[in-house]
Amino acid sequence: MSLRTRETRQLHLSRIRRVHAGWLIVFAAVLLTVLGVEAISTTRPNTALRQILLGVVGFVSAFGIAFVPQKRLRQASWWLYVGGLLLLVFLLIPGVPDFIVHPRNGARRWINLGVTDFQPSELLKIAFVLAMASHLRFKEHYKSFGGLVIALFVAIPPMLLILVEPDLGTAMLFIPALIAMLVVAGAKYRHLCAIGLLAVVAAGSMYPILQPHQKDRIQALIAQMQGDDRFEQTIGYQGARAMTLIGAGQIEGVGKVEAAQLLKANHLPEEHNDMVFAVINLRWGFLGAIVTWFLYLLLGLGGIGATLGCKDPFPRLVAVGLTAILLSQMVINTAMTIGLAPITGLTLPFISAGGSSLVVAWLMAGILFGIAMRRDPLMTREGFKF
């Protein structure tokens, strides 16, 4: 074997690795998907079957996107971002027939594709992270205040459009993703503090423009924390039912048959979707909740592991952004289920029923797998920047 051939082979092996943190991500994602299917099957076996099919689609899509060169993802990032924004604008155009834009519970978040509904805001989570990573990979963009202002202008349009749908939960996910990517990119602390202060002010200023039911949910949460149960039969009904079922699960759960009976008796809305974490607590008790959190911990460790040793800042920032979105979404969903946050309609990644949510979560896992698969074997001197 010639020296040139040997060097080429070594370079190839350093880029495509068999043992890496990406397998930890796949392991956690598969178990979370299986857990979700079993929880959904408690009361909706047909939906569980559909979830299996969507899980297979997501799994195949994940490994497909894992082998897309990172250069291609970077080149497509801004096109995906702009395309996602245009789809969000399309959702909000008055007069679009309901058979095209499929409204649910007063929200215009879905486009009817015939066989299923597509939620553009889910895809925009990936597009936002790719575009932001493409911007922040240059030092002058994360070290200068002007570059950070541009980053804010990239984050604000999707947040506002998603908020108008309305979808407060998804809009909130862009904030932790942006902050995490800025920290890892190496932004100055004074700039980060300014952005943090701006985020707090923006969050407070958004309250007047929230929908009436969103304000009512915040008020119901505050009342619940104060021991006031006057909202339990109105706007706080869903949260109250979820807490009752979580309590019924106790430590080890009640089993599938009894869980189905309790769910039917308590009439928990969206038990297969937004409130699926309550079903997990009911079926498998507090131990089931611990297992769920542990699997997300493994997912997060895999995401962090994918960043270690990345010489190129683009994949490192993408991995951080996607991991931040997945973990933030888990925290918000479980917090709203156990009464620590207002109910926002946010799904639980890999577990909640839903085509766009599940497939996009798997696409995120696939991108993370691809980053981990290609990273250099050894830690480089260009690791995390704080």
# chains A, B, ... in the order shown; residues from 1 in each chain; ligands from 1
call {"tool": "residues_around", "arguments": {"residues": "segment 163-178 of chain A", "least_positions_apart": "6", "cutoff": "6 Å", "atoms": "only C-alpha atoms", "output": "PDB file with N, CA and C atoms, in the first residue's frame"}}
result
ATOM      1  N   ALA A 107     -55.916  27.408  16.617  1.00  0.00           N
ATOM      2  CA  ALA A 107     -54.522  27.651  16.221  1.00  0.00           C
ATOM      3  C   ALA A 107     -54.312  27.247  14.768  1.00  0.00           C
ATOM      4  N   ARG A 108     -53.572  28.073  14.032  1.00  0.00           N
ATOM      5  CA  ARG A 108     -53.256  27.796  12.625  1.00  0.00           C
ATOM      6  C   ARG A 108     -51.780  27.395  12.537  1.00  0.00           C
ATOM      7  N   GLY A 321     -27.027  23.597  19.585  1.00  0.00           N
ATOM      8  CA  GLY A 321     -28.352  24.169  19.387  1.00  0.00           C
ATOM      9  C   GLY A 321     -29.450  23.126  19.378  1.00  0.00           C
ATOM     10  N   ALA A 324     -29.917  21.662  22.858  1.00  0.00           N
ATOM     11  CA  ALA A 324     -30.611  22.626  23.717  1.00  0.00           C
ATOM     12  C   ALA A 324     -32.110  22.629  23.441  1.00  0.00           C
ATOM     13  N   ILE A 325     -32.501  22.541  22.176  1.00  0.00           N
ATOM     14  CA  ILE A 325     -33.925  22.528  21.840  1.00  0.00           C
ATOM     15  C   ILE A 325     -34.600  21.274  22.375  1.00  0.00           C
ATOM     16  N   THR A 344     -48.773  24.930  27.488  1.00  0.00           N
ATOM     17  CA  THR A 344     -48.540  25.646  26.228  1.00  0.00           C
ATOM     18  C   THR A 344     -48.818  24.800  24.994  1.00  0.00           C
ATOM     19  N   LEU A 346     -47.025  22.136  24.118  1.00  0.00           N
ATOM     20  CA  LEU A 346     -45.739  21.679  23.589  1.00  0.00           C
ATOM     21  C   LEU A 346     -45.625  20.165  23.745  1.00  0.00           C
TER      22      LEU A 346
END
call {"tool": "closest_residue", "arguments": {"among": "A:Val37, A:Thr323, A:Val149, A:Pro158", "to": "Leu88 of chain A", "atoms": "only C-alpha atoms"}}
result
A:Pro158
call {"tool": "closest_residue", "arguments": {"among": "A:Ala199, A:Met181, A:Val129, A:Ile100", "to": "Asp117 of chain A", "atoms": "only C-alpha atoms"}}
result
A:Ile100
